[in-house]
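Participant: Okay, so here is run.csv, and as you'll see once you scroll down, it has CSV, C-alpha atoms.
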chain,number,residue,atom,x,y,z
A,256,MET,CA,288.3,-52.7,322.1
A,257,SER,CA,287.7,-51.5,325.6
A,258,ILE,CA,288.6,-53.5,328.7
A,259,VAL,CA,285.0,-53.4,329.7
A,260,GLY,CA,284.0,-54.9,326.4
A,261,ILE,CA,286.4,-57.7,326.6
A,262,LEU,CA,285.4,-58.4,330.2
A,263,GLY,CA,281.8,-58.5,329.2
A,264,GLU,CA,282.4,-61.0,326.5
A,265,LEU,CA,284.4,-63.2,328.9
A,266,LEU,CA,281.6,-63.1,331.4
A,267,LEU,CA,279.0,-64.0,328.8
A,268,THR,CA,281.3,-66.9,327.6
A,269,ALA,CA,281.6,-68.1,331.2
A,270,GLY,CA,277.8,-68.0,331.6
A,271,ALA,CA,277.4,-70.0,328.4
A,272,LEU,CA,280.0,-72.5,329.5
A,273,ILE,CA,278.3,-73.1,332.9
A,274,LEU,CA,274.9,-73.6,331.2
A,275,LEU,CA,276.5,-76.0,328.7
A,276,PHE,CA,278.0,-77.9,331.6
A,277,LEU,CA,274.7,-78.3,333.4
A,278,GLY,CA,273.1,-79.4,330.1
A,279,TRP,CA,275.9,-82.0,329.7
A,280,GLN,CA,275.7,-83.2,333.3
A,281,LEU,CA,271.9,-83.4,333.7
A,282,TRP,CA,270.8,-84.6,330.3
A,283,TRP,CA,273.6,-85.6,327.9
A,284,ASN,CA,275.8,-87.5,330.2
A,285,ASP,CA,272.8,-88.7,332.2
A,286,ALA,CA,271.2,-90.2,329.2
A,287,ILE,CA,274.5,-91.8,328.0
A,288,MET,CA,275.2,-93.3,331.4
A,289,ALA,CA,271.6,-94.5,331.8
A,290,GLY,CA,271.9,-96.4,328.6
A,291,GLN,CA,275.2,-97.9,329.6
A,292,GLN,CA,274.0,-98.9,333.0
A,293,SER,CA,270.8,-100.5,331.8
A,294,SER,CA,272.5,-102.6,329.1
A,295,ALA,CA,275.1,-103.7,331.7
A,296,ALA,CA,272.2,-104.8,333.9
A,297,SER,CA,270.5,-106.6,331.1
A,298,ASP,CA,273.7,-108.4,330.2
A,299,LEU,CA,274.2,-109.6,333.8
A,300,SER,CA,270.6,-110.7,334.1
A,301,SER,CA,270.9,-112.8,331.0
A,302,GLU,CA,274.3,-114.1,332.1
A,303,TRP,CA,272.7,-115.5,335.4
A,304,ILE,CA,269.8,-117.0,333.5
A,305,GLU,CA,272.1,-118.6,331.0
A,306,ALA,CA,274.4,-119.9,333.8
A,307,ASP,CA,271.4,-121.5,335.5
A,308,ARG,CA,270.2,-123.1,332.3
A,309,ALA,CA,273.7,-124.5,331.7
A,310,ALA,CA,273.9,-125.8,335.2
A,311,ARG,CA,270.5,-127.5,335.0
A,312,GLY,CA,271.3,-129.1,331.6
A,313,SER,CA,268.3,-130.9,330.3
A,314,GLU,CA,266.5,-131.0,333.7
A,315,ALA,CA,263.1,-129.3,333.5
A,316,PRO,CA,262.6,-126.2,335.5
A,317,PRO,CA,260.7,-126.7,338.8
A,318,GLU,CA,256.9,-126.7,338.6
A,319,PRO,CA,255.2,-123.5,339.8
A,320,ALA,CA,254.8,-124.1,343.5
A,321,ASP,CA,255.4,-122.6,346.9
A,322,TYR,CA,259.2,-122.1,346.8
A,323,GLY,CA,259.4,-121.6,350.6
A,324,ASP,CA,261.5,-119.0,352.3
A,325,PRO,CA,263.6,-116.9,349.9
A,326,VAL,CA,267.2,-118.0,349.5
A,327,VAL,CA,269.5,-115.3,350.9
A,328,GLY,CA,272.8,-114.9,349.2
A,329,PRO,CA,276.1,-114.4,351.1
A,330,ALA,CA,276.2,-111.2,353.2
A,331,GLU,CA,279.8,-110.5,352.6
A,332,ARG,CA,280.4,-108.9,349.3
A,333,ALA,CA,283.5,-107.3,347.9
A,334,SER,CA,283.1,-103.5,347.5
A,335,GLY,CA,281.9,-102.7,344.0
A,336,GLU,CA,280.7,-106.3,343.3
A,337,ALA,CA,277.4,-106.4,341.3
A,338,PHE,CA,275.3,-109.1,343.1
A,339,ALA,CA,271.8,-108.1,342.0
A,340,ILE,CA,269.7,-106.4,339.4
A,341,MET,CA,267.0,-103.8,340.3
A,342,TYR,CA,264.1,-103.5,337.9
A,343,VAL,CA,261.1,-101.3,338.6
A,344,PRO,CA,258.6,-101.2,335.7
A,345,ARG,CA,257.2,-97.9,337.0
A,346,PHE,CA,260.6,-96.3,336.3
A,347,GLY,CA,260.1,-97.0,332.6
A,348,GLU,CA,261.8,-98.9,329.8
A,349,ASP,CA,265.5,-99.6,330.3
A,350,SER,CA,265.4,-98.7,334.0
A,351,GLN,CA,267.1,-101.9,335.0
A,352,ARG,CA,270.3,-101.4,336.9
A,353,ARG,CA,273.1,-103.4,338.5
A,354,VAL,CA,273.1,-103.3,342.3
A,355,ALA,CA,276.7,-103.4,343.7
A,356,GLU,CA,278.0,-103.5,347.2
A,357,GLY,CA,278.9,-100.1,348.6
A,358,ILE,CA,277.6,-96.6,348.2
A,359,GLY,CA,280.8,-94.8,347.1
A,360,LEU,CA,281.2,-92.9,343.8
A,361,ASP,CA,282.8,-96.0,342.3
A,362,VAL,CA,279.4,-97.6,342.4
A,363,LEU,CA,276.9,-94.7,342.1
A,364,ASN,CA,278.8,-92.8,339.4
A,365,SER,CA,279.9,-95.8,337.5
A,366,ASN,CA,278.9,-96.2,333.9
A,367,TYR,CA,277.9,-99.8,334.3
A,368,LEU,CA,276.7,-100.0,338.0
A,369,GLY,CA,274.5,-97.2,339.3
A,370,VAL,CA,272.8,-98.6,342.4
A,371,GLY,CA,274.6,-99.2,345.6
A,372,HIS,CA,273.8,-101.5,348.6
A,373,TYR,CA,274.4,-100.0,352.0
A,374,PRO,CA,277.0,-102.2,353.6
A,375,GLY,CA,275.7,-103.8,356.8
A,376,THR,CA,272.1,-103.7,355.7
A,377,GLN,CA,270.4,-107.0,354.8
A,378,MET,CA,270.5,-108.9,351.5
A,379,PRO,CA,267.6,-109.4,349.1
A,380,GLY,CA,265.0,-111.7,350.6
A,381,GLU,CA,266.5,-111.5,354.1
A,382,VAL,CA,264.4,-110.6,357.1
A,383,GLY,CA,265.2,-107.0,357.8
A,384,ASN,CA,266.1,-104.2,355.4
A,385,PHE,CA,267.7,-104.4,352.0
A,386,ALA,CA,268.7,-100.8,351.6
A,387,ILE,CA,270.0,-99.3,348.4
A,388,ALA,CA,270.9,-95.9,347.0
A,389,SER,CA,271.1,-94.4,343.5
A,390,HIS,CA,271.2,-91.0,341.8
A,391,ARG,CA,267.9,-89.1,341.2
A,392,SER,CA,269.3,-86.9,338.4
A,393,ALA,CA,272.6,-87.1,336.5
A,394,TYR,CA,274.9,-90.1,336.3
A,395,GLY,CA,272.2,-92.3,334.9
A,396,GLY,CA,269.6,-91.5,337.5
A,397,GLY,CA,268.7,-95.0,338.6
A,398,MET,CA,265.9,-93.6,340.8
A,399,HIS,CA,264.9,-90.6,338.7
A,400,GLU,CA,261.2,-91.6,338.7
A,401,VAL,CA,261.1,-92.7,342.4
A,402,ASP,CA,258.4,-90.2,343.3
A,403,GLN,CA,256.0,-91.7,340.7
A,404,LEU,CA,255.8,-95.0,342.6
A,405,GLN,CA,252.2,-96.0,343.5
A,406,LEU,CA,251.0,-98.3,346.3
A,407,GLY,CA,251.6,-101.9,345.3
A,408,ASP,CA,254.0,-101.2,342.4
A,409,ALA,CA,256.5,-104.0,341.9
A,410,ILE,CA,260.2,-103.6,342.7
A,411,TYR,CA,262.0,-106.6,341.3
A,412,ILE,CA,265.4,-107.7,342.5
A,413,GLN,CA,267.1,-110.5,340.6
A,414,THR,CA,270.2,-112.3,342.0
A,415,GLN,CA,272.1,-115.4,340.9
A,416,ASP,CA,269.7,-117.3,343.2
A,417,GLY,CA,266.3,-116.0,342.0
A,418,TRP,CA,263.7,-113.3,341.7
A,419,TYR,CA,262.5,-111.3,344.7
A,420,THR,CA,259.2,-109.3,344.2
A,421,TYR,CA,258.8,-106.4,346.6
A,422,ARG,CA,255.7,-104.2,346.6
A,423,PHE,CA,256.0,-100.5,347.2
A,424,ARG,CA,254.4,-99.4,350.4
A,425,ASP,CA,255.1,-95.8,351.3
A,426,PHE,CA,257.4,-92.8,351.0
A,427,GLU,CA,259.2,-90.8,353.6
A,428,TYR,CA,261.1,-87.5,353.3
A,429,VAL,CA,264.0,-87.2,355.7
A,430,ALA,CA,267.2,-85.2,356.3
A,431,PRO,CA,270.4,-86.5,354.8
A,432,GLU,CA,271.6,-87.6,358.3
A,433,ALA,CA,268.6,-89.9,358.9
A,434,VAL,CA,270.5,-93.2,359.0
A,435,ASP,CA,267.6,-94.7,361.0
A,436,VAL,CA,265.8,-95.4,357.7
A,437,LEU,CA,268.4,-98.1,357.1
A,438,SER,CA,267.7,-100.1,360.3
A,439,PRO,CA,266.2,-103.6,360.0
A,440,VAL,CA,263.1,-102.0,361.3
A,441,PRO,CA,263.3,-98.4,360.0
A,442,HIS,CA,263.5,-95.8,362.8
A,443,ARG,CA,263.5,-98.5,365.5
A,444,PRO,CA,267.0,-99.8,365.6
A,445,GLU,CA,266.3,-101.5,368.9
A,446,LEU,CA,263.6,-103.8,367.5
A,447,GLN,CA,264.1,-107.3,366.0
A,448,PRO,CA,262.8,-107.4,362.4
A,449,THR,CA,260.1,-109.8,361.3
A,450,ASP,CA,259.4,-108.4,357.8
A,451,ARG,CA,261.5,-108.5,354.7
A,452,ILE,CA,261.6,-105.0,353.4
A,453,ILE,CA,263.5,-103.0,350.7
A,454,THR,CA,264.4,-99.3,351.1
A,455,LEU,CA,265.3,-97.1,348.2
A,456,THR,CA,267.1,-93.8,349.1
A,457,THR,CA,267.8,-91.0,346.7
A,458,CYS,CA,267.9,-87.2,346.5
A,459,ASN,CA,264.9,-84.9,347.0
A,460,PRO,CA,263.7,-82.6,345.6
A,461,LEU,CA,264.7,-83.3,342.0
A,462,TYR,CA,268.0,-81.6,341.1
A,463,SER,CA,268.7,-80.8,344.8
A,464,THR,CA,270.4,-82.7,347.6
A,465,ASP,CA,268.7,-80.9,350.5
A,466,GLU,CA,266.6,-83.9,351.5
A,467,ARG,CA,266.4,-87.6,350.9
A,468,ILE,CA,263.3,-89.4,349.6
A,469,ILE,CA,262.9,-92.8,351.0
A,470,ALA,CA,260.7,-95.5,349.3
A,471,TYR,CA,259.8,-98.6,351.3
A,472,GLY,CA,258.6,-101.9,349.9
A,473,VAL,CA,257.7,-105.3,351.4
A,474,LEU,CA,258.7,-108.7,350.0
A,475,GLU,CA,255.7,-110.3,348.4
A,476,SER,CA,257.2,-113.4,346.9
A,477,TRP,CA,260.3,-115.2,345.8
A,478,GLN,CA,261.1,-117.7,343.1
A,479,PRO,CA,264.3,-119.5,342.1
A,480,ILE,CA,266.1,-118.3,339.0
A,481,SER,CA,265.3,-121.7,337.3
A,482,ALA,CA,261.5,-120.8,337.6
A,483,GLY,CA,262.1,-117.9,335.3
A,484,PRO,CA,261.2,-114.2,335.9
A,485,PRO,CA,257.9,-113.3,337.4
A,486,ALA,CA,255.1,-113.4,334.8
A,487,GLU,CA,254.6,-109.6,334.7
A,488,ILE,CA,258.2,-109.0,333.5
A,489,ALA,CA,258.9,-112.2,331.7
A,490,SER,CA,258.5,-110.7,328.2
A,491,ILE,CA,260.7,-107.7,329.1
A,492,VAL,CA,263.4,-109.9,330.6
A,493,ALA,CA,263.4,-112.0,327.5
A,494,THR,CA,264.3,-108.9,325.4
A,495,TRP,CA,267.4,-108.4,327.5
A,496,GLU,CA,268.9,-111.6,326.1
A,497,SER,CA,270.8,-110.7,323.0
T,23,MET,CA,287.1,-60.7,321.0
T,24,TYR,CA,284.2,-62.2,319.0
T,25,GLY,CA,284.3,-59.1,316.8
T,26,ALA,CA,287.9,-59.9,315.9
T,27,LEU,CA,286.9,-63.5,315.1
T,28,TRP,CA,284.1,-62.2,312.8
T,29,ARG,CA,286.5,-60.0,310.9
T,30,VAL,CA,289.1,-62.7,310.5
T,31,LEU,CA,286.6,-65.1,308.9
T,32,PRO,CA,286.7,-65.0,305.1
T,33,GLY,CA,283.9,-64.7,302.6
T,34,PRO,CA,280.4,-63.2,302.5
T,35,VAL,CA,278.1,-63.1,305.5
T,36,TRP,CA,276.3,-66.4,304.9
T,37,LEU,CA,279.7,-68.2,304.7
T,38,ARG,CA,280.8,-66.6,307.9
T,39,ILE,CA,277.7,-67.7,309.7
T,40,ILE,CA,278.2,-71.2,308.5
T,41,LEU,CA,281.9,-71.1,309.6
T,42,VAL,CA,280.9,-69.7,313.0
T,43,LEU,CA,278.3,-72.5,313.5
T,44,ILE,CA,281.0,-75.1,312.5
T,45,LEU,CA,283.4,-73.6,315.0
T,46,ALA,CA,280.8,-73.5,317.8
T,47,ALA,CA,279.9,-77.2,317.1
T,48,ALA,CA,283.6,-78.2,317.3
T,49,VAL,CA,283.9,-76.3,320.6
T,50,VAL,CA,280.8,-78.0,322.1
T,51,PHE,CA,282.0,-81.4,320.9
T,52,ALA,CA,285.4,-80.9,322.6
T,53,LEU,CA,283.8,-79.7,325.8
T,54,PHE,CA,281.3,-82.6,325.9
T,55,THR,CA,284.0,-85.2,325.1
T,56,TRP,CA,287.0,-84.2,327.0
T,57,VAL,CA,286.6,-81.0,329.1
T,58,PHE,CA,283.3,-81.6,331.0
T,59,PRO,CA,284.1,-85.2,332.1
T,60,LEU,CA,287.4,-83.9,333.4
T,61,VAL,CA,285.8,-80.9,335.2
T,62,ASP,CA,283.1,-83.2,336.6
T,63,ALA,CA,285.7,-85.4,338.3
T,64,TYR,CA,287.0,-82.3,340.3
T,65,LEU,CA,283.6,-81.0,341.4
T,66,ASN,CA,282.0,-81.8,344.7
T,67,PRO,CA,280.3,-85.1,344.2
T,68,ILE,CA,276.5,-85.2,344.4
T,69,ASP,CA,275.6,-87.0,347.6
T,70,VAL,CA,272.4,-89.1,347.4
T,71,THR,CA,272.9,-91.4,350.3
T,72,VAL,CA,271.8,-91.1,353.9
T,73,GLY,CA,274.4,-91.0,356.7
T,74,ASP,CA,277.6,-89.2,357.3
T,75,GLN,CA,279.6,-89.2,354.1
Now that the file is in, can you turn its structure into structure tokens?

Facilitator:
Amino acid sequence: MSIVGILGELLLTAGALILLFLGWQLWWNDAIMAGQQSSAASDLSSEWIEADRAARGSEAPPEPADYGDPVVGPAERASGEAFAIMYVPRFGEDSQRRVAEGIGLDVLNSNYLGVGHYPGTQMPGEVGNFAIASHRSAYGGGMHEVDQLQLGDAIYIQTQDGWYTYRFRDFEYVAPEAVDVLSPVPHRPELQPTDRIITLTTCNPLYSTDERIIAYGVLESWQPISAGPPAEIASIVATWES
Amino acid sequence: MYGALWRVLPGPVWLRIILVLILAAAVVFALFTWVFPLVDAYLNPIDVTVGDQ
């Protein structure tokens, strides 16, 4: 067999291997990690609900009421610590993810975490900006469907303390260097915040890292964990308990 | 290369086709299970965050 023939076969093989790798990264591994991350998030959600039930004992949950200002958890979290669950119904079934402190690969590429909280930005329910990041494609793609958000869509954040309901407000498309979107008042770092907002950041366009898509939401309501999940997702959250 | 593999395989054409498919499946399985996760760890990470990383 000629040298050219062998070389040709080697090149074809290399091409096939690269295509296979892309298929593995963007679909196979993505789907596997998405499943692992969402079941890890369900487990943690149920764990917190159970812990609250155990702590309350036979005491009845509080009556529906105005629960006042949201409880804000401690600002100092260990890197990689999962302190919240993100659930966006618009992202589809099993889109719940653990939110952990830090935006390193140990969080974003983890097979049980997936969403990272920008250190130094505010915590859920706090006045200012609760800013988080996740993959758009591959590694479980915690924000794969971010571009499908519609005005008023719910973004639920659960912590050990309770449930925070944010409502999606608007998008922004920025360069990867645009750290201003993480300010307590986005783009206006000199201003004192008065609103409680959430900022989702991920890649744009899909399958590219050229830009970042930013999704902003505003806190609508808060309820303690003992009050149970918000009505809209109560039946879904119930299925997370195994 | 692949011509040699085809000649080495025993049996009639239909059996060789089945053998080739089994071999290919085994290769893909090995790639997906061991090789690609290893390669992935050495590739440039996909950056999804804002700021200087």

Participant: Here is a test: counting only C-alpha atoms, which residue of A:Gly483, A:Gly335, A:Pro344, A:Pro431 is nearest to Arg467 in chain A?

Facilitator: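 Checking each candidate against Arg467 in chain A, we get A:Pro431 as the closest.
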
Participant: Compute the chain A side of the contact with chain T at 8 Å, counting all atoms listed in the file, and hand it back as a CSV table (one decimal) with C-alpha atoms, in the coordinates of the input.

Facilitator:
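As a result, part07.csv now contains:
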chain,number,residue,atom,x,y,z
A,261,ILE,CA,286.4,-57.7,326.6
A,264,GLU,CA,282.4,-61.0,326.5
A,276,PHE,CA,278.0,-77.9,331.6
A,279,TRP,CA,275.9,-82.0,329.7
A,358,ILE,CA,277.6,-96.6,348.2
A,360,LEU,CA,281.2,-92.9,343.8
A,388,ALA,CA,270.9,-95.9,347.0
A,389,SER,CA,271.1,-94.4,343.5
A,390,HIS,CA,271.2,-91.0,341.8
A,391,ARG,CA,267.9,-89.1,341.2
A,430,ALA,CA,267.2,-85.2,356.3
A,431,PRO,CA,270.4,-86.5,354.8
A,432,GLU,CA,271.6,-87.6,358.3
A,433,ALA,CA,268.6,-89.9,358.9
A,434,VAL,CA,270.5,-93.2,359.0
A,456,THR,CA,267.1,-93.8,349.1
A,457,THR,CA,267.8,-91.0,346.7
A,458,CYS,CA,267.9,-87.2,346.5
A,464,THR,CA,270.4,-82.7,347.6
A,467,ARG,CA,266.4,-87.6,350.9

Participant: Have a look at CA of Leu368 in chain A and CA of His442 in chain A and let me know their distance in Å, one decimal.

Facilitator: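 A separation of 28.4 Å between them.
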
Participant: Counting only C-alpha atoms, figure out which residue out of A:Asp416, A:Glu305, A:Glu400, A:Glu381 gets nearest to Val473 in chain A.

Facilitator: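 Smallest separation from Val473 in chain A among the options: A:Glu381.
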
Participant: Please report the interatomic distance between CA of Tyr342 in chain A and CA of Gly323 in chain A in Å with one decimal.

Facilitator: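 Calculated distance between CA of Tyr342 in chain A and CA of Gly323 in chain A is 22.6 Å.
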
Participant: Work out how far CA of Ser365 in chain A is from CA of Asp298 in chain A, in Å to one decimal.

Facilitator: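 So the two atoms, CA of Asp298 in chain A and CA of Ser365 in chain A, lie 15.8 Å apart.
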
Participant: List the spatial neighbours of Thr494 in chain A as a PyMOL selection string - criterion: any atom at most 12 Å away, only C-alpha atoms, same-chain residues fewer than 2 positions off excluded.

Facilitator: chain A and resi 294+297-298+300-301+348-349+488-492+496-497

Participant: Please return as a list of chain:residue names every residue within 12 Å of (257.0, -126.1, 343.2), taking into account only C-alpha atoms and the file's own coordinates.

Facilitator: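 Residues close enough to count: A:Ala315, A:Pro316, A:Pro317, A:Glu318, A:Pro319, A:Ala320, A:Asp321, A:Tyr322, A:Gly323, A:Trp477, A:Gln478, A:Pro479, A:Ser481, A:Ala482.
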
Participant: List as a list in words the protein and nucleic acid residues near Pro329 in chain A, meaning an atom at most 10 Å away when all atoms listed in the file are counted, but skip any in the same chain fewer than 2 places from it.

Facilitator: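 Close residues of Pro329 in chain A: Val326, Val327, Glu331, Arg332, Phe338 and Met378 of chain A.
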
Participant: I want to know what sits within 6 Å of Ile340 in chain A, based on only C-alpha atoms, with residues of the same chain fewer than 4 positions away left out; could you give that as a PyMOL selection string?

Facilitator: chain A and resi 352-354+412-413

Participant: Specify the axis-aligned box that encloses all atoms of range 455-471 of chain A listed in the file after padding of 6 Å on each side, stating its centre and edge lengths in Å to one decimal as AutoDock Vina command-line options.

Facilitator:
--center_x 265.1 --center_y -89.7 --center_z 346.3 --size_x 22.6 --size_y 29.8 --size_z 22.4

Participant: Using only C-alpha atoms, which protein or nucleic acid residues come within 12 Å of Ser334 in chain A? Drop anything in the same chain fewer than 6 positions from it, and give the result as a list of chain:residue names.

Facilitator: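 So, after excluding close chain neighbours, the residues are A:Val354, A:Ala355, A:Glu356, A:Gly357, A:Ile358, A:Gly359, A:Leu360, A:Asp361, A:Val362, A:Leu368, A:Gly371, A:His372, A:Tyr373, A:Pro374, A:Gly375.
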
Participant: Where atoms are missing, can you supply N, CA and C atoms for range 350-366 of chain A and output the lot as a PDB file, keeping the file's coordinate frame?

Facilitator:
ATOM      1  N   SER A 350     265.039 -99.241 332.678  1.00  0.00           N
ATOM      2  CA  SER A 350     265.400 -98.700 334.000  1.00  0.00           C
ATOM      3  C   SER A 350     266.125 -99.729 334.837  1.00  0.00           C
ATOM      4  N   GLN A 351     266.373-100.916 334.263  1.00  0.00           N
ATOM      5  CA  GLN A 351     267.100-101.900 335.000  1.00  0.00           C
ATOM      6  C   GLN A 351     268.519-101.472 335.312  1.00  0.00           C
ATOM      7  N   ARG A 352     268.983-101.779 336.535  1.00  0.00           N
ATOM      8  CA  ARG A 352     270.300-101.400 336.900  1.00  0.00           C
ATOM      9  C   ARG A 352     270.995-102.492 337.728  1.00  0.00           C
ATOM     10  N   ARG A 353     272.309-102.547 337.642  1.00  0.00           N
ATOM     11  CA  ARG A 353     273.100-103.400 338.500  1.00  0.00           C
ATOM     12  C   ARG A 353     273.103-102.853 339.923  1.00  0.00           C
ATOM     13  N   VAL A 354     272.981-103.711 340.913  1.00  0.00           N
ATOM     14  CA  VAL A 354     273.100-103.300 342.300  1.00  0.00           C
ATOM     15  C   VAL A 354     274.459-103.837 342.797  1.00  0.00           C
ATOM     16  N   ALA A 355     275.324-102.949 343.244  1.00  0.00           N
ATOM     17  CA  ALA A 355     276.700-103.400 343.700  1.00  0.00           C
ATOM     18  C   ALA A 355     276.836-103.033 345.165  1.00  0.00           C
ATOM     19  N   GLU A 356     277.776-103.711 345.786  1.00  0.00           N
ATOM     20  CA  GLU A 356     278.000-103.500 347.200  1.00  0.00           C
ATOM     21  C   GLU A 356     278.737-102.139 347.386  1.00  0.00           C
ATOM     22  N   GLY A 357     278.236-101.349 348.331  1.00  0.00           N
ATOM     23  CA  GLY A 357     278.900-100.100 348.600  1.00  0.00           C
ATOM     24  C   GLY A 357     278.135 -98.898 348.037  1.00  0.00           C
ATOM     25  N   ILE A 358     278.291 -97.739 348.668  1.00  0.00           N
ATOM     26  CA  ILE A 358     277.600 -96.600 348.200  1.00  0.00           C
ATOM     27  C   ILE A 358     278.531 -95.443 347.830  1.00  0.00           C
ATOM     28  N   GLY A 359     279.766 -95.825 347.490  1.00  0.00           N
ATOM     29  CA  GLY A 359     280.800 -94.800 347.100  1.00  0.00           C
ATOM     30  C   GLY A 359     280.549 -94.406 345.624  1.00  0.00           C
ATOM     31  N   LEU A 360     281.325 -93.416 345.207  1.00  0.00           N
ATOM     32  CA  LEU A 360     281.200 -92.900 343.800  1.00  0.00           C
ATOM     33  C   LEU A 360     281.608 -94.002 342.825  1.00  0.00           C
ATOM     34  N   ASP A 361     282.444 -94.950 343.255  1.00  0.00           N
ATOM     35  CA  ASP A 361     282.800 -96.000 342.300  1.00  0.00           C
ATOM     36  C   ASP A 361     281.649 -96.857 341.911  1.00  0.00           C
ATOM     37  N   VAL A 362     280.592 -96.841 342.738  1.00  0.00           N
ATOM     38  CA  VAL A 362     279.400 -97.600 342.400  1.00  0.00           C
ATOM     39  C   VAL A 362     278.330 -96.622 341.781  1.00  0.00           C
ATOM     40  N   LEU A 363     278.024 -95.531 342.515  1.00  0.00           N
ATOM     41  CA  LEU A 363     276.900 -94.700 342.100  1.00  0.00           C
ATOM     42  C   LEU A 363     277.218 -93.896 340.820  1.00  0.00           C
ATOM     43  N   ASN A 364     278.479 -93.527 340.612  1.00  0.00           N
ATOM     44  CA  ASN A 364     278.800 -92.800 339.400  1.00  0.00           C
ATOM     45  C   ASN A 364     279.455 -93.621 338.334  1.00  0.00           C
ATOM     46  N   SER A 365     279.333 -94.939 338.506  1.00  0.00           N
ATOM     47  CA  SER A 365     279.900 -95.800 337.500  1.00  0.00           C
ATOM     48  C   SER A 365     279.047 -95.912 336.284  1.00  0.00           C
ATOM     49  N   ASN A 366     279.684 -96.101 335.129  1.00  0.00           N
ATOM     50  CA  ASN A 366     278.900 -96.200 333.900  1.00  0.00           C
ATOM     51  C   ASN A 366     278.365 -97.568 333.623  1.00  0.00           C
TER      52      ASN A 366
END
